[in-house]
>>> print(open('run29.txt').read())   # compact mmCIF, C-alpha atoms and all ligand atoms
# COMPACT_ATOMS: atom_id res chain seq x y z
CA MET J 784 30.99 -34.07 2.18
CA LYS J 785 27.22 -34.41 2.45
CA LEU J 786 25.32 -32.29 5.01
CA ILE J 787 21.96 -33.27 6.47
CA LYS J 788 20.43 -30.22 8.16
CA CYS J 789 18.14 -31.18 11.02
CA LYS J 790 15.80 -29.08 13.09
CA ASP J 791 16.83 -30.50 16.44
CA TYR J 792 18.53 -33.32 18.34
CA ASN J 793 15.63 -35.69 17.79
CA GLU J 794 15.92 -35.31 14.02
CA VAL J 795 19.69 -35.87 14.19
CA SER J 796 19.10 -39.09 16.12
CA ALA J 797 16.43 -40.29 13.69
CA ALA J 798 18.57 -39.57 10.61
CA ALA J 799 21.57 -41.38 12.15
CA ALA J 800 19.45 -44.37 13.20
CA ASN J 801 17.92 -44.61 9.72
CA ILE J 802 21.31 -44.60 7.99
CA THR J 803 22.63 -47.24 10.41
CA ALA J 804 19.52 -49.38 9.96
CA ALA J 805 19.79 -49.11 6.17
CA GLN J 806 23.42 -50.24 6.38
CA ILE J 807 22.43 -53.33 8.41
CA LYS J 808 19.55 -54.17 6.07
CA GLU J 809 21.82 -53.91 3.04
CA LYS J 810 24.60 -55.98 4.63
CA PRO J 811 23.43 -58.03 7.64
CA GLY J 812 27.01 -58.80 8.78
CA SER J 813 28.02 -55.12 8.73
CA VAL J 814 31.00 -53.97 10.77
CA LEU J 815 30.03 -50.82 12.68
CA GLY J 816 32.38 -48.35 14.36
CA LEU J 817 30.57 -46.86 17.35
CA PRO J 818 30.99 -43.74 19.49
CA THR J 819 30.12 -42.83 23.07
CA GLY J 820 29.19 -39.41 24.47
CA SER J 821 25.75 -37.94 25.01
CA THR J 822 25.13 -37.19 21.32
CA PRO J 823 24.63 -40.79 20.06
CA LEU J 824 22.24 -41.70 22.92
CA GLY J 825 19.12 -40.76 20.92
CA MET J 826 20.33 -42.81 17.95
CA TYR J 827 20.96 -45.82 20.21
CA LYS J 828 17.43 -45.52 21.64
CA LYS J 829 15.93 -45.53 18.16
CA LEU J 830 18.05 -48.50 17.08
CA ILE J 831 16.91 -50.41 20.20
CA GLU J 832 13.26 -49.73 19.23
CA MET J 833 13.91 -50.89 15.66
CA ASN J 834 15.52 -54.07 16.99
CA LYS J 835 12.66 -54.76 19.40
CA SER J 836 10.06 -54.25 16.67
CA GLY J 837 11.92 -56.72 14.44
CA GLU J 838 12.92 -54.14 11.84
CA ILE J 839 16.64 -54.82 12.24
CA ASP J 840 18.60 -57.82 13.42
CA PHE J 841 21.86 -57.24 15.28
CA SER J 842 22.84 -60.90 15.63
CA PRO J 843 25.25 -60.92 12.67
CA VAL J 844 26.51 -57.33 13.25
CA ILE J 845 30.09 -56.76 14.41
CA THR J 846 31.02 -53.62 16.38
CA PHE J 847 34.22 -51.81 17.26
CA ASN J 848 34.11 -48.92 19.68
CA LEU J 849 36.16 -45.87 18.94
CA ASP J 850 37.86 -45.33 22.26
CA GLU J 851 38.14 -45.99 25.99
CA TYR J 852 39.61 -44.14 28.92
CA TYR J 853 42.93 -45.42 30.26
CA PRO J 854 43.34 -46.69 32.86
CA ILE J 855 39.77 -47.60 33.76
CA SER J 856 38.09 -50.84 34.73
CA ALA J 857 35.18 -52.21 32.67
CA ASP J 858 32.88 -52.14 35.71
CA ASN J 859 33.56 -48.46 36.44
CA ASP J 860 30.27 -46.74 35.57
CA GLN J 861 32.21 -44.09 33.63
CA SER J 862 34.01 -46.56 31.38
CA TYR J 863 32.91 -46.68 27.78
CA TYR J 864 32.53 -50.45 28.21
CA TYR J 865 29.90 -49.78 30.87
CA PHE J 866 28.30 -46.99 28.84
CA MET J 867 27.90 -49.11 25.72
CA HIS J 868 26.39 -52.06 27.55
CA LYS J 869 24.02 -49.95 29.64
CA ASN J 870 22.83 -47.73 26.80
CA PHE J 871 22.89 -50.11 23.85
CA PHE J 872 24.28 -53.64 23.87
CA ASP J 873 22.19 -54.90 26.83
CA HIS J 874 19.01 -54.02 24.92
CA ILE J 875 19.67 -55.50 21.48
CA ASN J 876 20.16 -59.03 20.17
CA ILE J 877 23.87 -58.59 19.42
CA ASN J 878 26.16 -61.58 19.83
CA THR J 879 28.50 -60.54 22.67
CA GLN J 880 31.44 -62.15 20.85
CA ASN J 881 30.94 -59.58 18.09
CA ILE J 882 31.44 -56.61 20.44
CA HIS J 883 34.92 -55.07 20.54
CA ILE J 884 35.98 -52.35 22.96
CA LEU J 885 39.55 -51.33 23.72
CA ASN J 886 40.58 -52.71 27.11
CA GLY J 887 41.10 -49.83 29.55
CA GLU J 888 42.98 -52.19 31.87
CA ALA J 889 45.43 -53.61 29.32
CA ASP J 890 48.90 -54.19 30.85
CA ASP J 891 50.49 -53.38 27.55
CA PRO J 892 48.44 -50.60 25.92
CA GLU J 893 50.61 -50.51 22.79
CA ARG J 894 50.00 -54.17 22.16
CA GLU J 895 46.30 -53.75 22.89
CA CYS J 896 46.12 -51.01 20.25
CA GLY J 897 48.04 -53.06 17.66
CA ASP J 898 45.81 -56.09 18.26
CA TYR J 899 42.70 -53.92 17.93
CA GLU J 900 43.85 -52.55 14.61
CA ALA J 901 44.47 -56.14 13.41
CA MET J 902 41.04 -57.29 14.60
CA ILE J 903 39.34 -54.52 12.58
CA GLU J 904 41.36 -55.58 9.55
CA ASN J 905 40.46 -59.27 10.07
CA ALA J 906 36.78 -58.38 10.31
CA GLY J 907 37.08 -56.88 6.82
CA GLY J 908 37.30 -53.24 7.91
CA ILE J 909 34.58 -50.92 9.14
CA ASP J 910 31.56 -50.54 6.84
CA LEU J 911 29.96 -47.64 8.70
CA GLN J 912 31.77 -45.48 11.23
CA VAL J 913 29.51 -43.36 13.44
CA LEU J 914 31.19 -40.36 15.08
CA GLY J 915 30.43 -37.64 17.59
CA ILE J 916 32.64 -34.58 17.94
CA GLY J 917 34.26 -32.82 20.90
CA GLN J 918 33.83 -29.07 21.39
CA ASN J 919 37.44 -28.69 20.25
CA GLY J 920 36.88 -30.82 17.15
CA HIS J 921 38.25 -34.08 18.56
CA ILE J 922 36.99 -37.32 17.05
CA GLY J 923 37.32 -40.45 19.15
CA PHE J 924 40.04 -39.17 21.46
CA ASN J 925 42.16 -37.67 18.69
CA GLU J 926 42.77 -34.30 20.26
CA PRO J 927 43.95 -31.09 18.53
CA ASP J 928 47.77 -31.10 18.34
CA ASP J 929 50.72 -30.24 16.11
CA PHE J 930 50.46 -33.74 14.67
CA LEU J 931 47.91 -36.53 14.72
CA ILE J 932 48.50 -40.25 14.99
CA SER J 933 47.13 -42.46 12.26
CA ALA J 934 46.74 -45.86 13.97
CA THR J 935 45.03 -46.89 17.22
CA HIS J 936 47.13 -45.54 20.09
CA LYS J 937 47.33 -44.38 23.69
CA THR J 938 46.84 -40.63 24.02
CA HIS J 939 46.84 -37.83 26.55
CA LEU J 940 43.56 -35.93 26.93
CA THR J 941 43.58 -32.15 26.65
CA GLU J 942 42.58 -30.06 29.64
CA SER J 943 39.43 -28.90 27.83
CA THR J 944 38.28 -32.48 27.19
CA VAL J 945 38.98 -33.52 30.79
CA LYS J 946 36.90 -30.51 31.85
CA ALA J 947 34.09 -31.19 29.37
CA ASN J 948 33.90 -34.87 30.38
CA SER J 949 34.12 -34.13 34.12
CA ARG J 950 30.34 -33.54 34.08
CA PHE J 951 29.94 -37.33 34.13
CA PHE J 952 32.33 -37.92 37.05
CA SER J 953 31.86 -36.94 40.70
CA SER J 954 34.97 -34.74 40.53
CA ILE J 955 37.41 -33.57 37.87
CA ASP J 956 40.26 -35.47 39.60
CA GLU J 957 38.52 -38.73 38.78
CA VAL J 958 38.60 -38.16 35.01
CA PRO J 959 41.38 -40.33 33.53
CA ILE J 960 43.94 -38.20 31.69
CA TYR J 961 44.80 -40.90 29.16
CA ALA J 962 42.75 -42.85 26.67
CA LEU J 963 43.13 -45.53 24.00
CA THR J 964 41.65 -44.45 20.71
CA MET J 965 41.35 -45.44 17.10
CA GLY J 966 43.58 -43.06 15.16
CA VAL J 967 42.53 -40.67 12.43
CA GLY J 968 43.88 -43.13 9.85
CA SER J 969 41.87 -45.99 11.38
CA ILE J 970 38.75 -43.82 11.18
CA LEU J 971 39.41 -42.76 7.59
CA LYS J 972 39.74 -46.41 6.52
CA ALA J 973 35.99 -46.89 7.15
CA LYS J 974 34.00 -47.28 3.94
CA LYS J 975 31.35 -44.81 5.04
CA ILE J 976 31.31 -42.25 7.88
CA ILE J 977 28.51 -40.30 9.56
CA ILE J 978 29.20 -37.60 12.14
CA LEU J 979 26.47 -36.43 14.54
CA ILE J 980 26.67 -32.82 15.71
CA SER J 981 24.15 -31.21 18.03
CA GLY J 982 24.10 -28.05 20.13
CA LYS J 983 25.66 -24.60 19.98
CA GLU J 984 28.80 -25.69 21.90
CA LYS J 985 29.76 -27.58 18.72
CA ALA J 986 29.04 -24.69 16.30
CA GLU J 987 32.64 -23.48 15.97
CA ALA J 988 34.04 -27.00 15.47
CA LEU J 989 31.36 -27.67 12.82
CA LYS J 990 32.08 -24.39 11.04
CA GLN J 991 35.75 -25.39 10.75
CA LEU J 992 34.80 -28.89 9.55
CA LEU J 993 32.57 -27.48 6.82
CA SER J 994 35.15 -24.86 5.76
CA GLY J 995 37.00 -27.60 3.87
CA LYS J 996 40.32 -26.49 5.38
CA ILE J 997 42.23 -29.38 6.92
CA THR J 998 44.09 -28.76 10.16
CA THR J 999 45.43 -30.93 12.99
CA LYS J 1000 44.08 -28.22 15.32
CA ASN J 1001 40.62 -29.56 14.57
CA PRO J 1002 40.96 -33.32 13.95
CA SER J 1003 37.45 -33.61 12.52
CA THR J 1004 38.59 -31.58 9.48
CA MET J 1005 40.56 -34.68 8.37
CA LEU J 1006 37.19 -36.08 7.33
CA ASN J 1007 37.39 -33.75 4.33
CA MET J 1008 39.85 -36.27 2.85
CA HIS J 1009 37.26 -39.08 2.85
CA ARG J 1010 34.94 -39.69 -0.10
CA ASP J 1011 31.82 -40.79 1.79
CA VAL J 1012 31.15 -38.61 4.85
CA THR J 1013 27.71 -37.41 5.92
CA VAL J 1014 27.49 -34.64 8.52
CA ILE J 1015 24.20 -34.75 10.43
CA ALA J 1016 23.77 -31.48 12.34
CA ASP J 1017 20.97 -29.58 14.05
CA GLU J 1018 20.08 -25.88 13.83
CA GLU J 1019 21.97 -24.94 16.99
CA ALA J 1020 25.19 -26.56 15.75
CA LEU J 1021 24.67 -24.88 12.36
CA GLU J 1022 24.16 -21.40 13.83
CA LEU J 1023 27.50 -20.10 12.45
CA ILE J 1024 26.79 -21.39 8.94
CA LYS J 1025 25.04 -18.94 6.61
C1 LIG Z 1 34.11 -37.93 24.21
C2 LIG Z 1 34.29 -39.08 23.22
C3 LIG Z 1 34.05 -38.63 21.79
C4 LIG Z 1 32.73 -37.86 21.72
C5 LIG Z 1 32.86 -36.62 22.57
C6 LIG Z 1 31.65 -35.72 22.52
O1 LIG Z 1 35.25 -37.22 24.48
N1 LIG Z 1 35.59 -39.66 23.30
O2 LIG Z 1 34.04 -39.76 20.94
O3 LIG Z 1 32.42 -37.55 20.39
O4 LIG Z 1 33.08 -37.02 23.91
O5 LIG Z 1 30.71 -36.07 23.49
P1 LIG Z 1 29.27 -35.48 23.60
O6 LIG Z 1 28.47 -36.14 22.51
O7 LIG Z 1 28.80 -35.85 24.96
O8 LIG Z 1 29.37 -34.01 23.40
>>> encode(input="run29.txt", output="structure tokens", more="lines below")
Ligand code: GLP
Amino acid sequence: MKLIKCKDYNEVSAAAANITAAQIKEKPGSVLGLPTGSTPLGMYKKLIEMNKSGEIDFSPVITFNLDEYYPISADNDQSYYYFMHKNFFDHININTQNIHILNGEADDPERECGDYEAMIENAGGIDLQVLGIGQNGHIGFNEPDDFLISATHKTHLTESTVKANSRFFSSIDEVPIYALTMGVGSILKAKKIIILISGKEKAEALKQLLSGKITTKNPSTMLNMHRDVTVIADEEALELIK
């Protein structure tokens, strides 16, 4: 696992944007796996600037988002559909047909997840998967548990994640307790993975990730099984690493 040590959040965002831009320049029709959360916002801003200045072209790029709350409607301002359009897709020249986000209103979530997995496969698999991390080490919505699920699936959110994400909702009762998420296996199938980690709240999860020990109690540690992972972390997140 490669580690890029950054001074602060801004450097994390720049490093992540540069790697993503390099991927698109090398392969214009790249398939990107994209995260939500506050951490990737800086990277999205920089990618928007690069697109506006003509440095990168998103028109042939294909995207698959990692996860979505369930149930939630696309027009709910807390849905990841809404988040991605507001913070990224509405500002770049991506072809809307190339955007894929799990449907938080699917009648049959199992089928939705199976179809999603097949669509990723049909697109040729993910070239670059960008990840954030939860305070408890979750990636996508793969939460710490006795076992993890490999494929895209419907999952139950832990109390700590519902609490952490309640800062975006008007009350904790409004946070959906389920989600649809790419599984750990779906994530590990990506050819290349970068994980963005910023802030001291993530220090413990990052320490476990870098320990090299693999445990379902911190799903991010599964990334130790992949051959091309780059951790991009700032000083605050690295505070427990000597
Ligand atoms: C959510 C998302 C994750 C994300 C995590 C961290 O739970 N499902 O994909 O990595 O939040 O979010 P933040 O970057 O806001 O700390």
>>> closest_residue(input="run29.txt", among="J:Tyr792, J:Ala797, J:Ser813, J:Ala934", to="Glu893 of chain J", atoms="all atoms listed in the file")
J:Ala934
>>> axis_aligned_box(input="run29.txt", around="segment 935-949 of chain J", padding_each_side="6 Å", output="AutoDock Vina command-line options")
--center_x 40.6 --center_y -37.9 --center_z 25.7 --size_x 25.4 --size_y 30.0 --size_z 28.9
>>> closest_atom_pairs(input="run29.txt", of="segment 784-826 of chain J", to="segment 862-881 of chain J", cutoff="12 Å", atoms="only C-alpha atoms", output="Markdown table")
| residue | atom | partner | partner_atom | distance |
| --- | --- | --- | --- | --- |
| J:Pro811 | CA | J:Ile877 | CA | 11.8 |
| J:Gly812 | CA | J:Asn881 | CA | 10.1 |
| J:Ser813 | CA | J:Asn881 | CA | 10.8 |
| J:Val814 | CA | J:Asn881 | CA | 9.2 |
| J:Leu815 | CA | J:Asn881 | CA | 10.3 |
| J:Gly816 | CA | J:Asn881 | CA | 11.9 |
| J:Leu817 | CA | J:Met867 | CA | 9.1 |
| J:Pro818 | CA | J:Met867 | CA | 8.8 |
| J:Thr819 | CA | J:Tyr863 | CA | 6.7 |
| J:Gly820 | CA | J:Phe866 | CA | 8.8 |
| J:Ser821 | CA | J:Phe866 | CA | 10.2 |
| J:Pro823 | CA | J:Asn870 | CA | 9.8 |
| J:Leu824 | CA | J:Asn870 | CA | 7.2 |
| J:Gly825 | CA | J:Asn870 | CA | 9.8 |
| J:Met826 | CA | J:Phe871 | CA | 9.7 |
>>> atom_distance(input="run29.txt", atom1="atom CA of Gly966 of chain J", atom2="atom CA of Thr935 of chain J")
4.6 Å
>>> residues_near_ligand(input="run29.txt", ligand="ligand LIG 1 (chain Z)", cutoff="9 Å", atoms="all atoms listed in the file", output="short mmCIF file (atom, residue, chain, number, x, y, z; two decimals) with C-alpha atoms, keeping the file's coordinate frame")
data_model
loop_
_atom_site.label_atom_id
_atom_site.label_comp_id
_atom_site.auth_asym_id
_atom_site.auth_seq_id
_atom_site.Cartn_x
_atom_site.Cartn_y
_atom_site.Cartn_z
CA LEU J 817 30.57 -46.86 17.35
CA PRO J 818 30.99 -43.74 19.49
CA THR J 819 30.12 -42.83 23.07
CA GLY J 820 29.19 -39.41 24.47
CA SER J 821 25.75 -37.94 25.01
CA THR J 822 25.13 -37.19 21.32
CA PRO J 823 24.63 -40.79 20.06
CA LEU J 824 22.24 -41.70 22.92
CA LEU J 849 36.16 -45.87 18.94
CA ASP J 850 37.86 -45.33 22.26
CA GLU J 851 38.14 -45.99 25.99
CA TYR J 852 39.61 -44.14 28.92
CA TYR J 863 32.91 -46.68 27.78
CA LEU J 914 31.19 -40.36 15.08
CA GLY J 915 30.43 -37.64 17.59
CA ILE J 916 32.64 -34.58 17.94
CA GLY J 917 34.26 -32.82 20.90
CA GLN J 918 33.83 -29.07 21.39
CA GLY J 920 36.88 -30.82 17.15
CA HIS J 921 38.25 -34.08 18.56
CA ILE J 922 36.99 -37.32 17.05
CA GLY J 923 37.32 -40.45 19.15
CA PHE J 924 40.04 -39.17 21.46
CA ASN J 925 42.16 -37.67 18.69
CA LEU J 940 43.56 -35.93 26.93
CA THR J 944 38.28 -32.48 27.19
CA VAL J 945 38.98 -33.52 30.79
CA ALA J 947 34.09 -31.19 29.37
CA ASN J 948 33.90 -34.87 30.38
CA ALA J 962 42.75 -42.85 26.67
CA THR J 964 41.65 -44.45 20.71
CA ILE J 978 29.20 -37.60 12.14
CA LEU J 979 26.47 -36.43 14.54
CA ILE J 980 26.67 -32.82 15.71
CA SER J 981 24.15 -31.21 18.03
CA GLY J 982 24.10 -28.05 20.13
CA GLU J 984 28.80 -25.69 21.90
CA LYS J 985 29.76 -27.58 18.72
#
>>> closest_residue(input="run29.txt", among="J:Ile1024, J:Ala798, J:Ile976, J:Ala986", to="Asn1007 of chain J", atoms="all atoms listed in the file")
J:Ile976
